[in-house]
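Below is one structure, written out as structure tokens, with a few remarks after it.
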Number of protein chains: 2
Amino acid sequence: MRIAVDAMGGDYAPAEVVKGSVLAAREQGVAITLVGPPDKINAELAGLDTGGLDIDIVPTEEYLVEGEHPAYALREKRQASVLVAIKLVRDGKADAAVSAGPTGGVVAAALSVLGTLAGITRPVVGGPVLGFAPNMLVLDGGGNVDCRPEQFLDFAVVGSVLARRMLGIENPTVALLSVGVEEGKGNAQIQEAYPLFKASGLNFIGNVEGYDLATGKANVVICDGFVGNILIKFIEQFGKLLSDWLDEKLSGKVDAAVLDDLKAELIAKTNLADVVGGGPLWAVNGVACVAHGRSTAEHVAGTIGEARKALEHDLVAEIEAELSKVRGTLPDAGGAA
Amino acid sequence: MRIAVDAMGGDYAPAEVVKGSVLAAREQGVAITLVGPPDKINAELAGLDTGGLDIDIVPTEEYLVEGEHPAYALREKRQASVLVAIKLVRDGKADAAVSAGPTGGVVAAALSVLGTLAGITRPVVGGPVLGFAPNMLVLDGGGNVDCRPEQFLDFAVVGSVLARRMLGIENPTVALLSVGVEEGKGNAQIQEAYPLFKASGLNFIGNVEGYDLATGKANVVICDGFVGNILIKFIEQFGKLLSDWLDEKLSGKVDAAVLDDLKAELIAKTNLADVVGGGPLWAVNGVACVAHGRSTAEHVAGTIGEARKALEHDLVAEIEAELSKVRGTLPDAGGAA
């Protein structure tokens, strides 16, 4: 298994990216292709122990930087490292690509090079949002900010496959996030999606409310990327704020080590993206992963680990098969509805 | 100042409602009209000290119960206590009405009897959502789940008036809740609202993200009632979950009184509706307040207190004046845009 890594993506590139790639090669046994300027990459590799590891370099001098308009930058920089890395996947020279570069750029590169699975217009991003509810995945957490009800079904298919394969839940429950549990509660989008979900063959349990996000009432919770993004960011920042608050309230009143553990656990459970670092853009026709911009070596290695899991479970093929099955239930597909 | 109270609204009516009304009469110096079956009300009053208080009864035997369809129930029960209470406001026999009955029923009664301020179709609900950010109001937290961009402006006007009068912030900052701070980030709704806000004359500081909800970056944060409802409910339940988690983690490791205080503060700061109990339906043409269904006497008294503040600050008139000013900035009003 070979992972193409955009050596120039992220705030701490290339140092942390190269270090994380070597870490993944060592600990996960994957082969790595580093994509970027060879002199810069070799300078980083020189300080690391790469003995016995399968690491090569595909050279390119161009790369994206934060703040550029993604589509424009990719037109100008035809040899941008993220683009070259993803092309290696398309051309069968790597099994997956990983980049901590600007998310918009990675998404645009993945879309233009690999495309999406039938009918999906943008990649879907999702996963657990709260460590207190580890068996609940929320989708979309990404860029799908205006969704048609049928898109919600696509998210639910992706989420169900992920819950089954990554969480080991045989028949994951699926719910729509809304303002009340009864059918008919919610905005127009949710009201239209509800009957589609009922007819979908998914293990649909109806609507869940904000309360249920905390308790993880469903394994797969569906919302648009607008709601998902706001929730994820709120949880991250609220966790940090509460950690500071606990510090202020409990310093000197509880053993320092107990307090440190408590704060660390709270941060870990509310900042899940920081724990792993990133993951695949789902519904892309291939495995392309985004790690967050502040990625350290551990985050890069963590994201490579997510790519590896997606490949081992053959998730792209399974999502594609499930999508076509569920699509057949839509009214205009003459389906079971 | 006389408050008409729906004596039969809420899970603990009439006992807690009558008790809360007497409490408010005593502590806040308001006159109270209790609306409901006189025998039931008098039975409750008999056990309370009402000496020197201005409390009267307007009799009616009908009232709404949880689970009825609000509009249908109000058509059937023309003498429902909530309807009678709100009619006292319309007829100048009370200054404000308070009910802990089913929210949908209170809203429907307020809409049919008092109506809304020009052009607004549904009442707006809003206030602080997080005790850690007490100077941030989020609107809509209510039933406006599908909004046009111009409605967001209405919410912002209500929020600005509330921040000025209730929080004492002279020139409150206003922001749109979105997925990125730059203009152009967000769903279609937010993208359309942004230029309207820029031209509105409000103290608009742009978009805020989920992160900024935790830190209270703006005094008035605007979202639709779908997002607002999900956020508020999530915060409430997450606070309870964290309180249990702290209990589990810290029991026996910190002084029991310190732990109890910590948990109580966390619950109070995440369950703000439970602290006060309820408040006015804004943009209704009059002061009609909803208290939550589980209201105790303290919650009823708290909601009466919110009604009193709305009256003292003459908020209905101020909101109406500000609405018409900001409406004049809309492009189709030939305004300053």
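Chain labels run A, B, ... following the order of the structure tokens; each chain numbers its residues from 1, and ligands are numbered from 1 in the order shown.
Excluding B:Asp140 itself and any same-chain residue fewer than 6 positions from it, the protein and nucleic acid residues within 7 Å of it, counting only C-alpha atoms, are Val124, Val125, Gly126, Phe155, Ile222, Cys223, Asp224, Gly225 and Gly228 of chain B.
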Problem - Shell around B:Leu53 at 9 Å using only C-alpha atoms, local window under 3 positions removed, as a ChimeraX atom specification - result: /B:22,25-26,29-32,49-50
Hey, list the chain B side of the contact with chain A: 7 Å cut-off, only C-alpha atoms, answer as a compact mmCIF listing (two decimals) with all heavy atoms, in the first residue's frame.
```
# COMPACT_ATOMS: atom_id res chain seq x y z
N VAL B 145 -37.98 28.42 11.15
CA VAL B 145 -36.99 27.44 10.70
C VAL B 145 -36.60 27.62 9.24
O VAL B 145 -35.56 27.14 8.81
CB VAL B 145 -37.46 25.99 10.94
CG1 VAL B 145 -37.53 25.71 12.44
CG2 VAL B 145 -38.79 25.71 10.28
N ASP B 146 -37.41 28.29 8.46
CA ASP B 146 -37.04 28.61 7.07
C ASP B 146 -37.14 30.12 6.92
O ASP B 146 -38.24 30.67 7.02
CB ASP B 146 -37.98 27.92 6.07
CG ASP B 146 -37.74 26.43 5.99
OD1 ASP B 146 -36.63 26.05 5.57
OD2 ASP B 146 -38.64 25.65 6.35
N VAL B 179 -20.10 29.69 8.29
CA VAL B 179 -19.04 28.68 8.32
C VAL B 179 -17.66 29.29 8.08
O VAL B 179 -16.66 28.57 7.99
CB VAL B 179 -19.30 27.57 7.28
CG1 VAL B 179 -20.59 26.84 7.62
CG2 VAL B 179 -19.35 28.13 5.86
N GLY B 186 -20.63 30.77 3.53
CA GLY B 186 -21.94 30.47 4.11
C GLY B 186 -22.89 29.88 3.09
O GLY B 186 -22.53 29.68 1.93
N ASN B 187 -24.09 29.59 3.54
CA ASN B 187 -25.10 29.09 2.62
C ASN B 187 -25.74 30.27 1.88
O ASN B 187 -25.38 31.43 2.10
CB ASN B 187 -26.12 28.21 3.35
CG ASN B 187 -26.80 28.93 4.49
OD1 ASN B 187 -26.76 30.16 4.56
ND2 ASN B 187 -27.41 28.19 5.39
N ALA B 188 -26.65 29.96 0.98
CA ALA B 188 -27.24 30.98 0.12
C ALA B 188 -27.90 32.09 0.96
O ALA B 188 -27.76 33.28 0.65
CB ALA B 188 -28.25 30.34 -0.82
N GLU B 209 -18.21 32.42 13.36
CA GLU B 209 -18.23 30.97 13.17
C GLU B 209 -18.66 30.28 14.47
O GLU B 209 -18.81 30.92 15.50
CB GLU B 209 -16.84 30.48 12.81
CG GLU B 209 -16.28 31.08 11.54
CD GLU B 209 -14.90 30.52 11.26
OE1 GLU B 209 -14.81 29.41 10.71
OE2 GLU B 209 -13.91 31.18 11.60
N GLY B 210 -18.77 28.96 14.38
CA GLY B 210 -19.10 28.17 15.56
C GLY B 210 -18.17 28.45 16.74
O GLY B 210 -18.61 28.51 17.89
N TYR B 211 -16.90 28.63 16.45
CA TYR B 211 -15.92 28.94 17.50
C TYR B 211 -16.39 30.14 18.33
O TYR B 211 -16.27 30.16 19.55
CB TYR B 211 -14.57 29.35 16.91
CG TYR B 211 -13.90 28.35 16.01
CD1 TYR B 211 -13.45 28.72 14.73
CD2 TYR B 211 -13.65 27.05 16.44
CE1 TYR B 211 -12.80 27.81 13.91
CE2 TYR B 211 -13.01 26.14 15.62
CZ TYR B 211 -12.58 26.52 14.36
OH TYR B 211 -11.95 25.63 13.55
N LEU B 213 -19.23 31.36 18.98
CA LEU B 213 -20.38 31.21 19.87
C LEU B 213 -19.91 30.96 21.29
O LEU B 213 -20.55 31.38 22.26
CB LEU B 213 -21.24 30.03 19.43
CG LEU B 213 -22.05 30.21 18.15
CD1 LEU B 213 -22.67 28.88 17.76
CD2 LEU B 213 -23.12 31.27 18.35
N ALA B 214 -18.81 30.25 21.42
CA ALA B 214 -18.30 29.94 22.76
C ALA B 214 -17.70 31.18 23.41
O ALA B 214 -17.80 31.36 24.62
CB ALA B 214 -17.27 28.81 22.68
N PHE B 226 -33.95 27.09 13.07
CA PHE B 226 -33.52 25.69 12.96
C PHE B 226 -32.16 25.53 13.64
O PHE B 226 -32.00 24.71 14.56
CB PHE B 226 -33.46 25.29 11.48
CG PHE B 226 -33.18 23.84 11.24
CD1 PHE B 226 -34.19 22.90 11.36
CD2 PHE B 226 -31.91 23.41 10.90
CE1 PHE B 226 -33.93 21.55 11.14
CE2 PHE B 226 -31.64 22.07 10.68
CZ PHE B 226 -32.66 21.13 10.80
N VAL B 227 -31.21 26.34 13.21
CA VAL B 227 -29.86 26.29 13.79
C VAL B 227 -29.91 26.68 15.27
O VAL B 227 -29.30 26.03 16.12
CB VAL B 227 -28.90 27.22 13.01
CG1 VAL B 227 -27.55 27.31 13.67
CG2 VAL B 227 -28.77 26.75 11.55
N ASN B 229 -32.36 26.51 17.49
CA ASN B 229 -32.99 25.47 18.32
C ASN B 229 -32.02 24.31 18.57
O ASN B 229 -31.89 23.83 19.71
CB ASN B 229 -34.25 24.97 17.60
CG ASN B 229 -34.95 23.83 18.32
OD1 ASN B 229 -34.42 22.73 18.38
ND2 ASN B 229 -36.13 24.09 18.85
N ILE B 230 -31.34 23.88 17.53
CA ILE B 230 -30.40 22.75 17.67
C ILE B 230 -29.26 23.13 18.63
O ILE B 230 -28.90 22.37 19.52
CB ILE B 230 -29.86 22.33 16.29
CG1 ILE B 230 -30.98 21.64 15.49
CG2 ILE B 230 -28.65 21.42 16.42
CD1 ILE B 230 -30.69 21.42 14.03
N LEU B 231 -28.75 24.33 18.48
CA LEU B 231 -27.66 24.79 19.34
C LEU B 231 -28.09 24.86 20.80
O LEU B 231 -27.39 24.37 21.69
CB LEU B 231 -27.20 26.19 18.91
CG LEU B 231 -26.15 26.24 17.83
CD1 LEU B 231 -25.97 27.68 17.37
CD2 LEU B 231 -24.82 25.67 18.34
N LYS B 233 -30.58 23.41 22.38
CA LYS B 233 -30.84 22.10 22.97
C LYS B 233 -29.55 21.32 23.18
O LYS B 233 -29.40 20.60 24.18
CB LYS B 233 -31.81 21.32 22.09
CG LYS B 233 -33.24 21.86 22.14
CD LYS B 233 -34.16 21.07 21.22
CE LYS B 233 -35.61 21.54 21.36
NZ LYS B 233 -36.46 20.95 20.30
N PHE B 234 -28.64 21.43 22.24
CA PHE B 234 -27.37 20.73 22.42
C PHE B 234 -26.64 21.26 23.65
O PHE B 234 -26.14 20.49 24.47
CB PHE B 234 -26.47 20.88 21.18
CG PHE B 234 -25.09 20.35 21.41
CD1 PHE B 234 -24.88 18.99 21.58
CD2 PHE B 234 -24.01 21.21 21.51
CE1 PHE B 234 -23.61 18.49 21.85
CE2 PHE B 234 -22.74 20.72 21.77
CZ PHE B 234 -22.54 19.36 21.94
N GLN B 237 -28.22 19.93 26.93
CA GLN B 237 -27.98 18.52 27.24
C GLN B 237 -26.50 18.26 27.49
O GLN B 237 -26.13 17.45 28.35
CB GLN B 237 -28.50 17.66 26.08
CG GLN B 237 -28.54 16.19 26.37
CD GLN B 237 -29.52 15.84 27.48
OE1 GLN B 237 -30.57 16.45 27.60
NE2 GLN B 237 -29.15 14.90 28.33
N PHE B 238 -25.65 18.94 26.74
CA PHE B 238 -24.21 18.76 26.90
C PHE B 238 -23.78 19.22 28.29
O PHE B 238 -22.94 18.59 28.93
CB PHE B 238 -23.47 19.52 25.79
CG PHE B 238 -22.00 19.23 25.71
CD1 PHE B 238 -21.51 17.94 25.87
CD2 PHE B 238 -21.09 20.25 25.45
CE1 PHE B 238 -20.14 17.67 25.78
CE2 PHE B 238 -19.73 19.99 25.36
CZ PHE B 238 -19.26 18.70 25.53
N LYS B 253 -12.30 13.11 44.98
CA LYS B 253 -10.99 13.72 44.71
C LYS B 253 -10.97 15.20 45.01
O LYS B 253 -9.93 15.85 44.96
CB LYS B 253 -10.60 13.49 43.25
CG LYS B 253 -10.37 12.01 42.95
CD LYS B 253 -10.00 11.79 41.51
CE LYS B 253 -9.81 10.29 41.27
NZ LYS B 253 -9.79 9.97 39.83
N VAL B 254 -12.14 15.75 45.25
CA VAL B 254 -12.25 17.17 45.57
C VAL B 254 -13.35 17.29 46.62
O VAL B 254 -14.25 16.45 46.69
CB VAL B 254 -12.54 18.00 44.29
CG1 VAL B 254 -13.89 17.64 43.69
CG2 VAL B 254 -12.46 19.48 44.53
```
Problem - Nearest-residue call for B:Asn219, choices B:Gly286, B:Gly277, B:Pro128, B:Pro149, using only C-alpha atoms - result: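 Of the candidates, the smallest distance to B:Asn219 is held by B:Pro128.
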Practice task
From a DSSP calculation on the backbone, collect every residue of stretch 187-308 of chain B in alpha helix (DSSP H) and output the set as a PyMOL selection string.
Solution key: chain B and resi 188-198+210-215+225-250+256-270+272-276+297-308
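These are the residues of stretch 22-81 of chain A assigned strand (DSSP E) by DSSP from backbone coordinates: Ala31, Ile32, Thr33, Leu34, Val35, Gly36, Ile55, Asp56, Ile57, Val58 and Pro59 of chain A.
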Exercise for the section: Return the single residue from B:Pro37, B:Gly119, B:Gly51, B:Gly92 that is closest to B:Ala4, with distances computed using only C-alpha atoms. Expected result: B:Gly92
Problem - Selection near B:Leu111, 9 Å with only C-alpha atoms, sequence-local residues under 3 positions removed, as a ChimeraX atom specification - result: /B:106-108,114-116,121-123,284-285
Just write the chosen residues, all heavy atoms, as a PDB file, in the first residue's frame.
```pdb
ATOM      1  N   VAL B 106     -49.467  29.009  22.605  1.00  0.00           N
ATOM      2  CA  VAL B 106     -49.248  30.394  23.035  1.00  0.00           C
ATOM      3  C   VAL B 106     -48.919  31.258  21.818  1.00  0.00           C
ATOM      4  O   VAL B 106     -49.437  32.371  21.655  1.00  0.00           O
ATOM      5  CB  VAL B 106     -48.120  30.485  24.088  1.00  0.00           C
ATOM      6  CG1 VAL B 106     -48.011  31.914  24.617  1.00  0.00           C
ATOM      7  CG2 VAL B 106     -48.357  29.507  25.239  1.00  0.00           C
ATOM      8  N   VAL B 107     -48.071  30.722  20.940  1.00  0.00           N
ATOM      9  CA  VAL B 107     -47.701  31.464  19.732  1.00  0.00           C
ATOM     10  C   VAL B 107     -48.942  31.715  18.885  1.00  0.00           C
ATOM     11  O   VAL B 107     -49.194  32.842  18.437  1.00  0.00           O
ATOM     12  CB  VAL B 107     -46.631  30.687  18.922  1.00  0.00           C
ATOM     13  CG1 VAL B 107     -46.455  31.291  17.531  1.00  0.00           C
ATOM     14  CG2 VAL B 107     -45.300  30.667  19.673  1.00  0.00           C
ATOM     15  N   ALA B 108     -49.732  30.670  18.672  1.00  0.00           N
ATOM     16  CA  ALA B 108     -50.925  30.822  17.828  1.00  0.00           C
ATOM     17  C   ALA B 108     -51.900  31.819  18.443  1.00  0.00           C
ATOM     18  O   ALA B 108     -52.488  32.654  17.737  1.00  0.00           O
ATOM     19  CB  ALA B 108     -51.599  29.460  17.637  1.00  0.00           C
ATOM     20  N   LEU B 114     -53.054  39.348  19.074  1.00  0.00           N
ATOM     21  CA  LEU B 114     -52.268  40.590  19.067  1.00  0.00           C
ATOM     22  C   LEU B 114     -51.685  40.897  17.691  1.00  0.00           C
ATOM     23  O   LEU B 114     -51.447  42.054  17.356  1.00  0.00           O
ATOM     24  CB  LEU B 114     -51.120  40.491  20.079  1.00  0.00           C
ATOM     25  CG  LEU B 114     -51.525  40.304  21.545  1.00  0.00           C
ATOM     26  CD1 LEU B 114     -50.290  40.093  22.409  1.00  0.00           C
ATOM     27  CD2 LEU B 114     -52.321  41.514  22.044  1.00  0.00           C
ATOM     28  N   GLY B 115     -51.417  39.858  16.905  1.00  0.00           N
ATOM     29  CA  GLY B 115     -50.744  40.067  15.617  1.00  0.00           C
ATOM     30  C   GLY B 115     -49.281  40.391  15.812  1.00  0.00           C
ATOM     31  O   GLY B 115     -48.780  40.464  16.943  1.00  0.00           O
ATOM     32  N   THR B 116     -48.595  40.589  14.693  1.00  0.00           N
ATOM     33  CA  THR B 116     -47.164  40.896  14.762  1.00  0.00           C
ATOM     34  C   THR B 116     -46.919  42.297  14.257  1.00  0.00           C
ATOM     35  O   THR B 116     -47.774  42.904  13.623  1.00  0.00           O
ATOM     36  CB  THR B 116     -46.353  39.920  13.887  1.00  0.00           C
ATOM     37  OG1 THR B 116     -46.987  39.836  12.610  1.00  0.00           O
ATOM     38  CG2 THR B 116     -46.279  38.551  14.516  1.00  0.00           C
ATOM     39  N   THR B 121     -43.840  37.558  10.164  1.00  0.00           N
ATOM     40  CA  THR B 121     -44.877  36.533  10.071  1.00  0.00           C
ATOM     41  C   THR B 121     -44.975  35.673  11.327  1.00  0.00           C
ATOM     42  O   THR B 121     -46.041  35.178  11.655  1.00  0.00           O
ATOM     43  CB  THR B 121     -44.625  35.611   8.864  1.00  0.00           C
ATOM     44  OG1 THR B 121     -43.261  35.187   8.896  1.00  0.00           O
ATOM     45  CG2 THR B 121     -44.889  36.354   7.565  1.00  0.00           C
ATOM     46  N   ARG B 122     -43.861  35.481  11.992  1.00  0.00           N
ATOM     47  CA  ARG B 122     -43.865  34.667  13.206  1.00  0.00           C
ATOM     48  C   ARG B 122     -43.083  35.398  14.294  1.00  0.00           C
ATOM     49  O   ARG B 122     -42.159  36.137  13.999  1.00  0.00           O
ATOM     50  CB  ARG B 122     -43.189  33.316  12.965  1.00  0.00           C
ATOM     51  CG  ARG B 122     -43.989  32.342  12.121  1.00  0.00           C
ATOM     52  CD  ARG B 122     -43.260  31.015  12.043  1.00  0.00           C
ATOM     53  NE  ARG B 122     -43.149  30.401  13.356  1.00  0.00           N
ATOM     54  CZ  ARG B 122     -44.100  29.633  13.895  1.00  0.00           C
ATOM     55  NH1 ARG B 122     -45.190  29.367  13.236  1.00  0.00           N
ATOM     56  NH2 ARG B 122     -43.936  29.116  15.090  1.00  0.00           N
ATOM     57  N   PRO B 123     -43.408  35.153  15.552  1.00  0.00           N
ATOM     58  CA  PRO B 123     -42.651  35.784  16.624  1.00  0.00           C
ATOM     59  C   PRO B 123     -41.184  35.343  16.594  1.00  0.00           C
ATOM     60  O   PRO B 123     -40.860  34.279  16.067  1.00  0.00           O
ATOM     61  CB  PRO B 123     -43.314  35.264  17.901  1.00  0.00           C
ATOM     62  CG  PRO B 123     -44.579  34.630  17.487  1.00  0.00           C
ATOM     63  CD  PRO B 123     -44.460  34.275  16.052  1.00  0.00           C
ATOM     64  N   VAL B 284     -44.152  40.424  18.388  1.00  0.00           N
ATOM     65  CA  VAL B 284     -45.602  40.403  18.562  1.00  0.00           C
ATOM     66  C   VAL B 284     -46.013  41.819  18.966  1.00  0.00           C
ATOM     67  O   VAL B 284     -45.256  42.539  19.623  1.00  0.00           O
ATOM     68  CB  VAL B 284     -46.005  39.377  19.651  1.00  0.00           C
ATOM     69  CG1 VAL B 284     -47.438  39.582  20.121  1.00  0.00           C
ATOM     70  CG2 VAL B 284     -45.794  37.965  19.121  1.00  0.00           C
ATOM     71  N   ASN B 285     -47.207  42.213  18.560  1.00  0.00           N
ATOM     72  CA  ASN B 285     -47.658  43.571  18.846  1.00  0.00           C
ATOM     73  C   ASN B 285     -48.281  43.654  20.244  1.00  0.00           C
ATOM     74  O   ASN B 285     -49.483  43.880  20.405  1.00  0.00           O
ATOM     75  CB  ASN B 285     -48.665  44.000  17.773  1.00  0.00           C
ATOM     76  CG  ASN B 285     -48.944  45.498  17.845  1.00  0.00           C
ATOM     77  OD1 ASN B 285     -48.220  46.242  18.510  1.00  0.00           O
ATOM     78  ND2 ASN B 285     -49.998  45.928  17.176  1.00  0.00           N
TER      79      ASN B 285
END
```
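A straight line drawn from atom CA of A:Ser81 to atom CA of A:Met8 is 6.8 Å long.
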